[in-house]
file input.txt (compact mmCIF, C-alpha atoms)
# COMPACT_ATOMS: atom_id res chain seq x y z
CA ALA A 1325 0.00 0.00 0.00
CA GLY A 1326 1.11 3.59 -0.53
CA ALA A 1327 2.93 5.11 -3.44
CA ALA A 1328 6.41 3.73 -3.71
CA GLY A 1329 9.58 4.58 -5.59
CA SER A 1330 12.31 3.68 -3.12
CA ALA A 1331 15.97 4.36 -3.54
CA GLY A 1332 16.80 2.07 -0.64
CA GLY A 1333 18.34 -1.36 -0.94
CA THR A 1334 16.42 -4.57 -0.77
CA ALA A 1335 18.62 -6.31 1.77
CA GLY A 1336 16.75 -7.30 4.87
CA TRP A 1337 13.40 -6.41 3.23
CA SER A 1338 11.55 -9.52 4.40
CA ALA A 1339 12.82 -9.09 7.94
CA LYS A 1340 11.84 -5.44 7.90
CA LEU A 1341 8.36 -6.15 6.61
CA LEU A 1342 7.93 -8.75 9.33
CA GLY A 1343 8.98 -6.13 11.87
CA VAL A 1344 6.32 -3.72 10.56
CA LEU A 1345 3.64 -6.38 10.91
CA THR A 1346 4.65 -7.56 14.38
CA LYS A 1347 6.10 -4.58 16.19
CA PRO A 1348 4.20 -1.68 17.76
CA ALA A 1349 4.12 1.37 15.60
CA VAL A 1350 4.42 5.10 16.39
CA ALA A 1351 3.96 8.81 15.09
CA VAL A 1352 5.73 12.17 14.18
CA ALA A 1353 6.07 15.86 13.84
CA ALA A 1354 9.03 18.31 14.02
CA GLY A 1355 10.99 22.89 14.16
CA ALA A 1356 13.91 25.80 12.48
CA THR A 1357 14.64 29.49 12.82
CA ILE A 1358 13.05 32.63 11.40
CA ALA A 1359 15.17 35.78 11.17
CA ALA A 1360 13.87 39.30 10.78
CA GLY A 1361 13.37 40.22 7.16
CA GLY A 1362 13.21 36.66 5.91
CA VAL A 1363 13.78 33.01 6.59
CA TYR A 1364 17.23 31.66 7.31
CA VAL A 1365 17.47 27.91 7.31
CA VAL A 1366 20.49 25.66 7.58
CA THR A 1367 19.73 22.40 5.83
CA GLN A 1368 21.78 19.30 5.24
CA SER A 1369 22.21 18.11 1.70
CA PRO A 1370 20.51 14.76 1.17
CA ASN A 1371 23.84 13.43 -0.04
CA ASP A 1372 25.70 14.48 3.09
CA PRO A 1373 26.21 11.81 5.74
CA PRO A 1374 23.58 11.96 8.50
CA PRO A 1375 24.59 13.85 11.65
CA LYS A 1376 26.07 11.95 14.54
CA ALA A 1377 23.38 10.40 16.70
CA LEU A 1378 22.91 11.96 20.11
CA ALA A 1379 21.85 10.29 23.34
CA PRO A 1380 18.07 10.11 23.60
CA THR A 1381 16.25 12.59 25.79
CA ALA A 1382 14.74 11.51 29.07
CA ALA A 1383 11.36 9.81 28.82
CA ALA A 1384 9.77 12.50 30.97
CA THR A 1385 10.82 15.58 32.89
CA THR A 1386 9.38 18.05 35.33
CA SER A 1387 10.06 21.17 33.27
CA GLY A 1388 7.19 23.19 31.89
CA PRO A 1389 5.97 23.13 28.30
CA GLY A 1390 8.07 24.64 25.58
CA SER A 1391 11.36 24.41 27.49
CA ALA A 1392 14.40 22.92 25.83
CA PRO A 1393 14.91 19.22 26.48
CA THR A 1394 17.59 17.95 28.80
CA THR A 1395 19.91 15.22 27.66
CA ALA A 1396 19.91 12.14 29.81
CA SER A 1397 21.46 8.70 29.84
CA PRO A 1398 19.68 6.14 27.68
CA SER A 1399 18.12 4.68 30.82
CA PRO A 1400 14.72 6.41 31.06
CA SER A 1401 13.20 7.31 34.42
CA PRO A 1402 9.95 9.16 33.89
CA SER A 1403 8.71 11.57 36.54
CA PRO A 1404 5.33 13.27 36.60
CA SER A 1405 5.01 16.78 35.22
CA ALA A 1406 2.23 19.16 34.40
CA SER A 1407 0.50 18.30 31.14
CA PRO A 1408 1.94 20.69 28.56
CA SER A 1409 0.08 22.58 25.92
CA PRO A 1410 1.64 23.06 22.50
CA SER A 1411 3.06 26.49 21.78
CA LYS A 1412 0.29 28.92 20.85
CA THR A 1413 0.02 32.52 19.82
CA SER A 1414 -2.76 34.96 20.65
CA THR A 1415 -3.62 35.28 16.96
CA GLY A 1416 -5.66 32.88 14.90
CA THR A 1417 -3.50 33.17 11.79
CA TYR A 1418 -3.11 29.78 10.15
CA GLY A 1419 0.48 28.58 10.19
CA SER A 1420 1.52 30.99 12.96
CA VAL A 1421 2.20 28.07 15.33
CA VAL A 1422 4.59 25.25 14.41
CA ASP A 1423 5.31 22.14 16.48
CA THR A 1424 8.29 22.44 18.81
CA VAL A 1425 10.11 20.24 21.29
CA ASP A 1426 7.84 19.61 24.28
CA ARG A 1427 7.83 17.63 27.50
CA ALA A 1428 6.09 14.37 28.27
CA PRO A 1429 2.92 15.12 30.24
CA ASN A 1430 2.09 13.49 33.56
CA PRO A 1431 1.21 9.89 32.61
CA ASP A 1432 -1.94 9.97 34.77
CA THR A 1433 -3.30 13.29 33.46
CA PRO A 1434 -6.18 12.85 30.98
CA PRO A 1435 -6.00 15.06 27.87
CA ALA A 1436 -7.95 18.25 27.36
CA ALA A 1437 -11.21 17.93 25.44
CA LEU A 1438 -10.62 17.31 21.73
CA PRO A 1439 -12.47 19.91 19.61
CA HIS A 1440 -14.79 18.63 16.88
CA ARG A 1441 -13.88 19.71 13.36
CA PRO A 1442 -16.01 19.12 10.24
CA ALA A 1443 -15.10 15.77 8.70
CA SER A 1444 -16.71 14.87 5.39
CA GLY A 1445 -14.02 12.25 4.85
CA VAL A 1446 -10.41 11.78 3.71
CA THR A 1447 -9.29 9.68 0.77
CA SER A 1448 -5.78 8.26 0.52
CA THR A 1449 -3.83 7.14 -2.52
CA GLY A 1450 -2.66 4.31 -0.26
CA GLY A 1451 -6.17 3.18 0.62
CA THR A 1452 -7.38 2.60 4.17
CA HIS A 1453 -3.91 1.51 5.32
CA ALA A 1454 -0.80 2.78 3.55
CA THR A 1455 2.56 1.32 4.60
CA LEU A 1456 5.58 3.46 3.74
CA ASN A 1457 8.86 1.63 4.28
CA HIS A 1458 11.42 2.96 1.82
CA ARG A 1459 12.92 6.31 0.94
CA GLY A 1460 10.55 8.04 -1.45
CA ASP A 1461 7.45 6.07 -0.50
CA ASN A 1462 4.57 8.54 -0.23
CA VAL A 1463 0.83 8.92 0.06
CA THR A 1464 -1.47 11.80 -0.89
CA LEU A 1465 -4.37 12.62 1.43
CA SER A 1466 -7.35 14.60 0.15
CA GLY A 1467 -10.61 15.77 1.67
CA GLN A 1468 -11.65 16.90 5.12
CA GLY A 1469 -11.06 14.88 8.26
CA TYR A 1470 -8.66 13.06 10.55
CA VAL A 1471 -5.57 11.01 9.72
CA LEU A 1472 -3.56 8.66 11.92
CA VAL A 1473 0.20 8.38 11.34
CA ARG A 1474 1.84 5.47 13.20
CA TRP A 1475 5.60 5.14 13.46
CA GLN A 1476 7.65 1.97 13.08
CA ILE A 1477 11.07 2.58 14.62
CA SER A 1478 13.56 -0.15 13.65
CA PRO A 1479 17.00 0.47 15.20
CA GLN A 1480 17.65 -3.28 15.10
CA TYR A 1481 18.15 -2.89 11.35
CA ARG A 1482 19.88 0.51 11.26
CA SER A 1483 20.14 2.94 14.15
CA GLY A 1484 21.42 6.51 14.21
CA ALA A 1485 20.20 9.87 12.92
CA LEU A 1486 16.66 10.00 11.55
CA VAL A 1487 15.88 11.98 8.40
CA MET A 1488 12.31 13.03 9.08
CA PRO A 1489 9.35 12.49 6.77
CA SER A 1490 7.88 15.61 5.16
CA TRP A 1491 4.52 17.02 4.08
CA THR A 1492 4.56 18.64 0.64
CA ALA A 1493 2.22 20.19 -1.95
CA LEU A 1494 -0.16 21.37 0.78
CA LYS A 1495 -3.39 22.88 -0.51
CA GLY A 1496 -5.71 24.16 2.18
CA LYS A 1497 -4.86 23.42 5.82
CA LEU A 1498 -3.09 20.73 7.82
CA PHE A 1499 -3.12 20.64 11.63
CA HIS A 1500 -1.42 18.43 14.24
CA VAL A 1501 -4.38 17.76 16.54
CA ALA A 1502 -3.38 15.04 19.02
CA SER A 1503 -0.79 12.47 20.11
CA GLY A 1504 -1.63 9.04 21.50
CA GLY A 1505 -1.09 5.33 21.19
CA GLY A 1506 -0.50 4.95 24.92
CA ARG A 1507 3.10 6.19 24.92
CA ARG A 1508 5.72 8.52 23.54
CA MET A 1509 8.34 6.64 21.62
CA ASP A 1510 11.01 7.61 24.14
CA ASP A 1511 9.05 5.94 26.97
CA PRO A 1512 10.52 2.75 28.47
CA VAL A 1513 9.29 -0.49 26.91
CA SER A 1514 10.96 -3.21 29.00
CA THR A 1515 10.81 -4.32 32.63
CA THR A 1516 14.20 -6.04 32.34
CA ASP A 1517 16.24 -3.68 30.14
CA THR A 1518 16.32 -0.20 31.68
CA THR A 1519 17.94 1.24 28.55
CA ALA A 1520 15.14 0.13 26.21
CA THR A 1521 12.69 2.69 24.82
CA GLY A 1522 10.64 2.80 21.64
CA MET A 1523 13.65 4.49 20.03
CA GLY A 1524 16.08 1.61 20.71
CA ASN A 1525 18.44 0.43 23.45
CA THR A 1526 22.15 0.39 24.23
CA THR A 1527 22.62 -2.90 22.40
CA THR A 1528 21.07 -1.90 19.07
CA GLY A 1529 21.61 1.85 19.38
CA TYR A 1530 18.92 4.50 19.11
CA ASP A 1531 17.08 6.22 16.29
CA VAL A 1532 17.59 9.92 17.01
CA PRO A 1533 15.53 12.77 15.46
CA PRO A 1534 17.30 16.00 14.41
CA ILE A 1535 17.85 18.61 17.13
CA GLY A 1536 14.69 20.67 17.53
CA THR A 1537 12.38 17.94 16.27
CA GLN A 1538 9.32 17.24 18.38
CA GLN A 1539 9.47 13.75 19.91
CA MET A 1540 6.96 11.48 18.19
CA TRP A 1541 4.36 9.43 20.01
CA GLN A 1542 3.26 5.96 18.91
CA ASN A 1543 0.21 7.49 17.22
CA GLU A 1544 0.13 11.01 15.84
CA TYR A 1545 -3.13 12.52 14.63
CA PHE A 1546 -3.53 15.18 11.96
CA TYR A 1547 -6.49 17.01 10.45
CA VAL A 1548 -6.56 17.68 6.71
CA ASP A 1549 -8.81 20.21 5.00
CA GLY A 1550 -7.59 20.15 1.40
CA SER A 1551 -4.78 17.89 0.19
CA VAL A 1552 -1.19 17.09 1.12
CA THR A 1553 1.47 14.46 0.34
CA LEU A 1554 3.44 12.68 3.09
CA THR A 1555 6.82 11.20 2.07
CA VAL A 1556 9.26 8.94 3.93
CA ASN A 1557 12.80 10.34 3.59
CA GLU A 1558 14.58 7.39 5.12
CA ARG A 1559 18.35 7.56 4.87
CA GLY A 1560 20.39 6.74 7.91
CA ALA A 1561 18.23 5.33 10.71
CA ASP A 1562 15.57 2.79 9.72
CA TYR A 1563 11.89 3.64 10.16
CA GLY A 1564 8.52 3.28 8.49
CA LEU A 1565 5.10 4.93 8.65
CA ASN A 1566 1.58 3.53 8.55
CA ILE A 1567 -1.16 5.94 7.41
CA PHE A 1568 -4.87 5.52 8.16
CA PRO A 1569 -7.76 7.91 7.48
CA THR A 1570 -9.67 7.90 10.78
CA THR A 1571 -12.45 9.60 12.75
CA TRP A 1572 -12.84 12.01 15.65
CA ASP A 1573 -14.34 9.19 17.73
CA ALA A 1574 -11.30 6.97 17.16
CA VAL A 1575 -8.90 9.78 18.08
CA GLU A 1576 -10.83 10.61 21.24
CA LYS A 1577 -10.97 6.96 22.31
CA ASP A 1578 -7.22 6.55 21.82
CA ILE A 1579 -6.06 9.63 23.71
CA THR A 1580 -8.44 9.05 26.65
CA THR A 1581 -7.08 5.53 27.22
CA GLY A 1582 -4.67 5.73 30.15
CA PRO A 1583 -2.65 3.72 32.68
CA THR A 1584 -5.76 2.23 34.28
CA GLN A 1585 -6.44 0.56 30.92
CA GLY A 1586 -2.85 -0.64 30.54
CA ALA A 1587 -1.37 2.29 28.60
CA THR A 1588 1.89 3.92 29.67
CA ARG A 1589 0.24 7.35 29.58
CA TYR A 1590 -2.83 9.20 28.43
CA GLY A 1591 -2.64 10.96 25.08
CA LEU A 1592 -2.28 14.68 24.51
CA THR A 1593 -4.72 17.08 22.83
CA ARG A 1594 -2.95 19.67 20.67
CA ASP A 1595 -6.01 21.05 18.87
CA THR A 1596 -7.34 24.43 20.07
CA GLY A 1597 -10.27 24.28 17.66
CA LYS A 1598 -8.88 27.38 15.94
CA ASP A 1599 -6.29 28.29 13.34
CA ASN A 1600 -3.64 28.65 16.04
CA THR A 1601 -3.61 24.85 16.41
CA PRO A 1602 -0.02 23.83 15.60
CA ILE A 1603 1.00 22.65 12.17
CA PRO A 1604 3.56 19.86 11.89
CA GLN A 1605 7.22 20.54 11.30
CA TYR A 1606 8.57 19.77 7.80
CA VAL A 1607 5.54 20.95 5.81
CA THR A 1608 5.45 23.13 2.69
CA ARG A 1609 3.05 24.20 -0.05
CA THR A 1610 5.74 23.59 -2.66
CA THR A 1611 6.69 20.34 -4.38
CA PRO A 1612 10.47 20.07 -4.04
CA THR A 1613 12.47 17.66 -6.18
CA ASP A 1614 13.77 16.08 -2.98
CA PRO A 1615 11.18 16.09 -0.16
CA ALA A 1616 14.01 15.59 2.35
CA THR A 1617 14.98 19.27 1.83
CA VAL A 1618 11.77 20.58 3.43
CA VAL A 1619 12.84 22.73 6.37
CA GLN A 1620 12.01 22.00 10.01
CA LYS A 1621 10.43 25.38 10.68
CA SER A 1622 7.38 25.14 8.47
CA ARG A 1623 6.17 28.13 6.42
CA VAL A 1624 2.66 27.74 5.01
call {"tool": "encode", "arguments": {"input": "input.txt", "output": "structure tokens"}}
result
Amino acid sequence: AGAAGSAGGTAGWSAKLLGVLTKPAVAVAAGATIAAGGVYVVTQSPNDPPPKALAPTAAATTSGPGSAPTTASPSPSPSPSASPSPSKTSTGTYGSVVDTVDRAPNPDTPPAALPHRPASGVTSTGGTHATLNHRGDNVTLSGQGYVLVRWQISPQYRSGALVMPSWTALKGKLFHVASGGGRRMDDPVSTTDTTATGMGNTTTGYDVPPIGTQQMWQNEYFYVDGSVTLTVNERGADYGLNIFPTTWDAVEKDITTGPTQGATRYGLTRDTGKDNTPIPQYVTRTTPTDPATVVQKSRV
């Protein structure tokens, strides 16, 4: 499922596909800098080697929302914190708020109410379930409604620096409305290996997003009103995405499932119901030759 066109090799393909079908999946978003008088962006050429992987951030901290992350040892030790809200501005201008690095909320804090948005339905060129596993694999989403993006992090095949997926050819609006799936991907996943998170462990190494990228949860939810193309830009660390058109009811059920139901944490509502709801990082209205060149600080 999903449009293809991969420049990646075929070695280990069957093992990777098996991993996608048997391992828990996840979700994403991402950030850059705006200078007065214009946009200044430092980007890495797709042909350059990926940056050196950094140690993963702590699974949870006590700092408030919007603060810079602290670097910790790979062994995660979550501690409760106030549930953060995504960065917002006082204006309702669409695109004025872009996802930024945030803190893991208190695991036991239910999310804020999820606003209802009109949802006549979303169609996907990948059908009801698109699986994007190789560099260049993409799917175009059109219509009005909710979309689930689940991450498959696979450091056992290739760990290191992640080259993030990107949203291109946006027409209309795209919002990042919620995060769920029962955990952030940097949450611990083992009772016996204290170094193991959804991003990897000390044995396999970790998949590490670029500095400034918002940490993905297992499930990330977006709202489309128009059309947009999502492309996997895998080079370096191994990952895949699974894309599902979904409903408000499904999003609400996911993010309100918490530790009492066996989840690591409740989900997080990012939607304000207005145009100051954050947009994902790495989104553009253009159609670049190489989607991997889309900048972290989105401009739409």
call {"tool": "closest_residue", "arguments": {"input": "input.txt", "among": "A:Met1509, A:Ala1502, A:Ala1493, A:Ile1567", "to": "A:Ile1477", "atoms": "all atoms listed in the file"}}
result
A:Met1509
call {"tool": "residues_around", "arguments": {"input": "input.txt", "residues": "A:Pro1533", "least_positions_apart": "6", "cutoff": "8 Å", "atoms": "only C-alpha atoms", "output": "PyMOL selection string"}}
result
chain A and resi 1485-1488+1539
call {"tool": "residues_around", "arguments": {"input": "input.txt", "residues": "A:Val1422", "least_positions_apart": "4", "cutoff": "7 Å", "atoms": "only C-alpha atoms", "output": "MDAnalysis selection string"}}
result
chainID A and resid 1355 1602:1605 1621:1622
call {"tool": "closest_residue", "arguments": {"input": "input.txt", "among": "A:Gly1597, A:Pro1489, A:Pro1429, A:Pro1569", "to": "A:Pro1442", "atoms": "all atoms listed in the file"}}
result
A:Gly1597
call {"tool": "closest_residue", "arguments": {"input": "input.txt", "among": "A:Thr1417, A:Val1513, A:Thr1555, A:Trp1572", "to": "A:Trp1491", "atoms": "all atoms listed in the file"}}
result
A:Thr1555
call {"tool": "residues_around", "arguments": {"input": "input.txt", "residues": "A:Thr1521", "least_positions_apart": "4", "cutoff": "6 Å", "atoms": "only C-alpha atoms", "output": "count of residues only"}}
result
4
call {"tool": "residues_near_point", "arguments": {"input": "input.txt", "point": "(-2.3, 16.9, 12.2)", "cutoff": "10 Å", "atoms": "only C-alpha atoms", "output": "list in words"}}
result
Val1352, Ala1353, Gly1469, Tyr1470, Val1471, Leu1472, Val1473, Lys1497, Leu1498, Phe1499, His1500, Val1501, Ala1502, Ser1503, Glu1544, Tyr1545, Phe1546, Tyr1547, Val1548, Arg1594, Asp1595, Thr1601, Pro1602, Ile1603 and Pro1604 of chain A
call {"tool": "closest_residue", "arguments": {"input": "input.txt", "among": "A:Thr1596, A:Thr1571, A:Gln1538, A:Ser1490", "to": "A:Ala1428", "atoms": "only C-alpha atoms"}}
result
A:Gln1538
call {"tool": "closest_residue", "arguments": {"input": "input.txt", "among": "A:Gln1476, A:Thr1527, A:Asn1557, A:Thr1424", "to": "A:Asn1462", "atoms": "all atoms listed in the file"}}
result
A:Asn1557
call {"tool": "atom_distance", "arguments": {"input": "input.txt", "atom1": "atom CA of A:Ala1616", "atom2": "atom CA of A:Gly1460"}}
result
9.1 Å
call {"tool": "atom_distance", "arguments": {"input": "input.txt", "atom1": "atom CA of A:His1458", "atom2": "atom CA of A:Gly1564"}}
result
7.3 Å
